[in-house]
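S.K.: For reference, this is model.csv, and it has CSV, C-alpha atoms.
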```csv
chain,number,residue,atom,x,y,z
A,1,MET,CA,56.4,129.4,122.6
A,2,SER,CA,58.1,126.0,121.9
A,3,GLY,CA,56.0,124.3,124.7
A,4,LYS,CA,52.8,125.7,123.2
A,5,ARG,CA,53.8,124.4,119.7
A,6,HIS,CA,54.2,120.8,121.1
A,7,LEU,CA,50.8,120.9,122.7
A,8,TRP,CA,48.9,122.2,119.6
A,9,ARG,CA,47.1,118.9,119.1
A,10,TRP,CA,45.2,119.3,122.4
A,11,ARG,CA,44.5,123.0,122.0
A,12,SER,CA,41.2,124.3,120.6
A,13,ASN,CA,42.0,125.0,116.9
A,14,PRO,CA,39.7,125.1,113.9
A,15,LEU,CA,42.3,123.2,111.9
A,16,ARG,CA,42.7,120.4,114.4
A,17,ARG,CA,41.2,117.1,113.2
A,18,ARG,CA,40.1,114.1,115.2
A,19,GLU,CA,43.2,112.2,113.8
A,20,ASP,CA,45.5,114.8,115.2
A,21,VAL,CA,44.1,114.4,118.7
A,22,LEU,CA,44.2,110.6,118.3
A,23,GLU,CA,47.9,110.8,117.3
A,24,ALA,CA,48.7,112.9,120.3
A,25,TRP,CA,47.1,110.4,122.6
A,26,ILE,CA,48.9,107.5,120.8
A,27,VAL,CA,52.3,109.2,121.2
A,28,LEU,CA,51.6,109.9,124.9
A,29,ALA,CA,50.5,106.3,125.5
A,30,VAL,CA,53.5,104.9,123.7
A,31,TRP,CA,56.0,106.9,125.7
A,32,ALA,CA,54.1,106.2,128.9
A,33,VAL,CA,54.3,102.4,128.2
A,34,VAL,CA,58.0,102.7,127.2
A,35,VAL,CA,58.9,104.5,130.4
A,36,LEU,CA,56.9,101.9,132.4
A,37,VAL,CA,58.5,99.0,130.7
A,38,GLY,CA,61.9,100.6,131.2
A,39,ALA,CA,61.2,101.1,134.9
A,40,VAL,CA,60.3,97.4,135.3
A,41,VAL,CA,62.8,95.8,132.9
A,42,ALA,CA,66.0,97.7,133.6
A,43,PRO,CA,66.2,97.0,137.3
A,44,LEU,CA,65.2,93.4,136.8
A,45,ALA,CA,67.8,92.8,134.1
A,46,PHE,CA,70.4,94.6,136.1
A,47,ARG,CA,69.8,92.5,139.2
A,48,THR,CA,69.7,89.3,137.2
A,49,ALA,CA,73.0,90.0,135.6
A,50,GLU,CA,74.6,91.2,138.8
A,51,HIS,CA,73.4,88.0,140.5
A,52,ARG,CA,74.9,85.8,137.7
A,53,PHE,CA,78.2,87.6,137.9
A,54,ALA,CA,78.3,87.2,141.7
A,55,GLU,CA,77.6,83.5,141.3
A,56,GLN,CA,80.5,83.2,138.9
A,57,ARG,CA,82.8,85.0,141.4
A,58,ALA,CA,81.6,82.6,144.1
A,59,GLN,CA,81.9,79.4,142.1
A,60,ARG,CA,85.1,80.0,140.1
A,61,HIS,CA,88.5,79.7,141.7
A,62,PRO,CA,92.0,80.1,140.4
A,63,VAL,CA,94.1,77.0,140.2
A,64,GLN,CA,97.7,76.3,139.1
A,65,ALA,CA,98.0,73.5,136.6
A,66,VAL,CA,101.1,71.8,135.2
A,67,LEU,CA,101.6,71.0,131.5
A,68,MET,CA,101.8,67.2,130.9
A,69,ALA,CA,103.6,67.5,127.6
A,70,ASP,CA,105.4,70.1,125.5
A,71,ALA,CA,102.8,72.5,124.0
A,72,PRO,CA,102.4,71.7,120.3
A,73,GLN,CA,103.7,74.1,117.7
A,74,GLY,CA,103.9,74.5,114.0
A,75,ILE,CA,101.4,73.3,111.4
A,76,ALA,CA,100.3,70.2,113.4
A,77,ALA,CA,99.1,72.3,116.4
A,78,GLN,CA,95.4,73.0,116.7
A,79,TRP,CA,95.3,76.8,117.0
A,80,SER,CA,92.6,78.8,118.5
A,81,ALA,CA,91.5,82.3,117.4
A,82,ASP,CA,93.8,84.0,119.9
A,83,GLY,CA,96.9,82.0,118.9
A,84,ARG,CA,96.9,79.5,121.8
A,85,VAL,CA,97.0,75.7,121.4
A,86,GLN,CA,95.3,72.9,123.2
A,87,ASP,CA,97.3,70.8,125.6
A,88,THR,CA,96.9,68.4,128.5
A,89,VAL,CA,97.3,69.8,132.0
A,90,ARG,CA,97.1,68.3,135.5
A,91,TRP,CA,95.7,70.2,138.6
A,92,VAL,CA,94.2,69.5,142.0
A,93,ALA,CA,90.4,69.8,142.5
A,94,PRO,CA,89.0,71.6,145.6
A,95,ASP,CA,88.3,68.2,147.2
A,96,GLY,CA,92.0,67.3,146.8
A,97,THR,CA,91.8,64.8,144.0
A,98,PRO,CA,94.2,65.2,141.1
A,99,ARG,CA,92.5,65.9,137.7
A,100,THR,CA,93.7,65.9,134.1
A,101,GLY,CA,92.1,67.7,131.2
A,102,HIS,CA,92.7,69.8,128.2
A,103,THR,CA,93.0,73.6,128.0
A,104,LEU,CA,94.4,76.3,125.7
A,105,VAL,CA,97.9,77.4,126.4
A,106,ASP,CA,100.5,79.5,124.7
A,107,PRO,CA,102.4,77.6,122.1
A,108,SER,CA,105.9,76.2,122.6
A,109,LEU,CA,105.6,76.0,126.5
A,110,PRO,CA,107.8,73.1,127.8
A,111,ARG,CA,106.4,70.2,129.8
A,112,GLY,CA,106.2,71.0,133.5
A,113,THR,CA,105.3,74.6,133.0
A,114,THR,CA,102.8,76.0,135.5
A,115,VAL,CA,99.8,77.7,134.0
A,116,HIS,CA,97.1,79.7,135.8
A,117,LEU,CA,93.6,78.5,135.1
A,118,TRP,CA,90.1,78.7,136.6
A,119,GLN,CA,88.0,75.9,138.0
A,120,ASP,CA,84.5,75.6,139.3
A,121,ASP,CA,83.4,74.2,142.6
A,122,ARG,CA,83.5,70.6,141.2
A,123,GLY,CA,87.0,70.9,140.0
A,124,ARG,CA,86.2,71.3,136.3
A,125,LEU,CA,88.2,73.7,134.2
A,126,VAL,CA,86.3,76.8,133.0
A,127,THR,CA,87.3,78.8,130.0
A,128,THR,CA,87.3,82.3,131.5
A,129,ALA,CA,87.9,84.1,134.8
A,130,PRO,CA,84.8,85.4,136.6
A,131,THR,CA,83.8,89.0,135.9
A,132,ASP,CA,85.1,91.3,138.6
A,133,ARG,CA,82.8,93.7,140.4
A,134,ALA,CA,83.5,96.9,138.4
A,135,GLU,CA,83.3,95.1,135.1
A,136,GLY,CA,80.2,93.3,136.3
A,137,HIS,CA,78.5,96.6,137.1
A,138,ILE,CA,79.3,98.0,133.6
A,139,GLU,CA,78.2,94.8,131.8
A,140,ALA,CA,75.0,94.6,133.9
A,141,GLY,CA,74.2,98.2,133.0
A,142,LEU,CA,74.7,97.5,129.3
A,143,LEU,CA,72.6,94.4,129.5
A,144,ALA,CA,69.8,96.3,131.3
A,145,ALA,CA,69.9,99.0,128.6
A,146,GLY,CA,69.8,96.4,125.9
A,147,ALA,CA,66.9,94.7,127.6
A,148,VAL,CA,65.0,98.0,127.8
A,149,LEU,CA,65.6,98.5,124.1
A,150,VAL,CA,64.4,95.0,123.2
A,151,ALA,CA,61.3,95.4,125.4
A,152,ALA,CA,60.4,98.8,124.1
A,153,ALA,CA,60.9,98.0,120.4
A,154,PRO,CA,57.5,96.4,119.9
A,155,VAL,CA,55.8,99.3,121.7
A,156,LEU,CA,57.6,101.9,119.6
A,157,GLY,CA,56.9,99.8,116.4
A,158,ALA,CA,53.2,99.6,117.2
A,159,GLY,CA,53.1,103.3,117.8
A,160,ALA,CA,54.9,104.0,114.5
A,161,PHE,CA,52.5,101.7,112.7
A,162,ALA,CA,49.5,103.4,114.2
A,163,ARG,CA,50.8,106.8,113.3
A,164,ALA,CA,51.5,105.7,109.7
A,165,ARG,CA,47.9,104.5,109.5
A,166,LEU,CA,46.7,107.9,110.7
A,167,ASP,CA,48.9,109.6,108.2
A,168,ARG,CA,47.4,107.5,105.4
A,169,ARG,CA,44.0,108.3,106.7
A,170,ARG,CA,44.8,112.0,106.8
A,171,LEU,CA,46.1,112.0,103.3
A,172,ALA,CA,43.0,110.2,102.1
A,173,LEU,CA,40.8,112.8,103.8
A,174,TRP,CA,42.9,115.6,102.2
A,175,ASP,CA,42.5,114.0,98.8
A,176,ARG,CA,38.7,113.8,99.2
A,177,GLU,CA,38.6,117.4,100.4
A,178,TRP,CA,40.8,118.6,97.5
A,179,ASP,CA,38.5,116.7,95.1
A,180,LEU,CA,35.6,118.9,96.4
A,181,VAL,CA,37.5,122.2,96.6
A,182,GLY,CA,40.1,121.8,93.8
A,183,PRO,CA,37.7,122.1,90.7
A,184,ARG,CA,36.3,125.3,92.0
```
Translate the structure described by the file into structure tokens.
M.R.:
Amino acid sequence: MSGKRHLWRWRSNPLRRREDVLEAWIVLAVWAVVVLVGAVVAPLAFRTAEHRFAEQRAQRHPVQAVLMADAPQGIAAQWSADGRVQDTVRWVAPDGTPRTGHTLVDPSLPRGTTVHLWQDDRGRLVTTAPTDRAEGHIEAGLLAAGAVLVAAAPVLGAGAFARARLDRRRLALWDREWDLVGPR
């Protein structure tokens, strides 16, 4: 019975109006486009994110750096959101040249402390470790789902707009019909 109720707009029915059939086709078209868009966008977004995470894993390498001075503490320290402070470190780049730069470290670390950081292929410090495979799959899946939602939103919005216009049209027709029948 439930399946028949959902298809009532296509069945022959004396109460069925042209707007009802048009609405049924609009709903069908909108969902067909949403499924098609999802089938195209989701794998594309997933592969793109996976590729980017794989590039990060290939280009970022762990490095041990040494603090050049005592890490600042107290009010004079420049604190980050996670409570770390900026300090100068020295490390060796992949080509063997020594490098010096600034990074965030835990406060109150003494000079000469070894800290573990990440560098790119050129020996520049990067702020975060690369995304591992398992986490990358999860993030890629979430990004793909988000991309599908973003891509489908205009289609769903256009369908909702068309249905709202049909509803206004139906109400106007009912008003006209009531004006004819109501006084009797």
S.K.: List the neighbours of Thr128 of chain A out to 10 Å using all atoms listed in the file; skip same-chain residues closer than 4 positions along the sequence, and give me the result as a list in words.
M.R.: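 Skipping anything fewer than 4 positions along the chain leaves Arg60, Leu117, Trp118 and Gln119 of chain A.
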S.K.: Quick check, in Å to one decimal: how far apart do atom CA of Ala153 of chain A and atom CA of Phe53 of chain A lie?
M.R.: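 Between atom CA of Ala153 of chain A and atom CA of Phe53 of chain A the gap is 26.7 Å.
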S.K.: Atom CA of Glu19 of chain A and atom CA of Ala172 of chain A, how far apart in Å?
M.R.: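 Straight-line distance from atom CA of Ala172 of chain A to atom CA of Glu19 of chain A works out to 11.9 Å.
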S.K.: Which of these residues is nearest to Val66 of chain A, using all atoms listed in the file: A:Thr131, A:Thr88, A:Asn13, A:Ser108?
M.R.: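 Nearest candidate to Val66 of chain A out of A:Thr131, A:Thr88, A:Asn13, A:Ser108: A:Thr88.
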S.K.: Considering only C-alpha atoms, state which residue in the set A:Phe46, A:Trp25, A:Trp174, A:Phe161 is at the smallest distance from Ala140 of chain A.
M.R.: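 Among the listed residues, the smallest separation from Ala140 of chain A belongs to A:Phe46.
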S.K.: Can you check which parts of segment 101-142 of chain A lie within 12 Å of segment 35-45 of chain A? Per residue, the shortest pair of atoms and distance in Å to one decimal, counting all atoms listed in the file, sorted by chain and number, as a Markdown table.
M.R.:
```
| residue | atom | partner | partner_atom | distance |
| --- | --- | --- | --- | --- |
| A:His137 | CA | A:Ala45 | CA | 11.7 |
| A:Glu139 | CA | A:Ala45 | CA | 10.8 |
| A:Ala140 | CA | A:Ala45 | CA | 7.4 |
| A:Gly141 | CA | A:Ala42 | CA | 8.2 |
| A:Leu142 | CA | A:Ala45 | CA | 9.6 |
```
S.K.: Atom CA of His51 of chain A and atom CA of Pro130 of chain A are how many Å apart?
M.R.: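 The value is 12.3 Å.
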S.K.: Which is closer to Ala65 of chain A than all the others in A:Arg184, A:Arg84, A:Arg16, A:His102, using all atoms listed in the file?
M.R.: A:His102
S.K.: Tell me, as an mmCIF file with C-alpha atoms, in the coordinates of the input, which residues lie within 10 Å of Val27 of chain A, counting only C-alpha atoms; anything in the same chain fewer than 5 positions away does not count.
M.R.:
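Result file selection_29.cif:
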```cif
data_model
loop_
_atom_site.group_PDB
_atom_site.id
_atom_site.type_symbol
_atom_site.label_atom_id
_atom_site.label_comp_id
_atom_site.auth_asym_id
_atom_site.auth_seq_id
_atom_site.Cartn_x
_atom_site.Cartn_y
_atom_site.Cartn_z
ATOM 1 C CA LEU A 22 44.200 110.600 118.300
ATOM 2 C CA ALA A 32 54.100 106.200 128.900
ATOM 3 C CA VAL A 33 54.300 102.400 128.200
ATOM 4 C CA LEU A 156 57.600 101.900 119.600
ATOM 5 C CA GLY A 159 53.100 103.300 117.800
ATOM 6 C CA ALA A 160 54.900 104.000 114.500
ATOM 7 C CA ALA A 162 49.500 103.400 114.200
ATOM 8 C CA ARG A 163 50.800 106.800 113.300
#
```
S.K.: Got a sec: who's within 8 Å of Gln64 of chain A, counting all atoms listed in the file, leaving out chain neighbours fewer than 5 positions off, as JSON, numbers by chain?
M.R.: {"A": [91, 114, 115, 116, 117]}
S.K.: Please tell me which residues are no farther than 12 Å from (106.4, 76.4, 127.7) in the file, counting only C-alpha atoms, and write them as an MDAnalysis selection string.
M.R.: chainID A and resid 66:73 84:85 87 105:115
S.K.: Taking into account only C-alpha atoms, which residue in the set A:Ala145, A:Pro94, A:Thr100, A:Arg169 is nearest to Gly123 of chain A?
M.R.: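 Nearest candidate to Gly123 of chain A out of A:Ala145, A:Pro94, A:Thr100, A:Arg169: A:Pro94.
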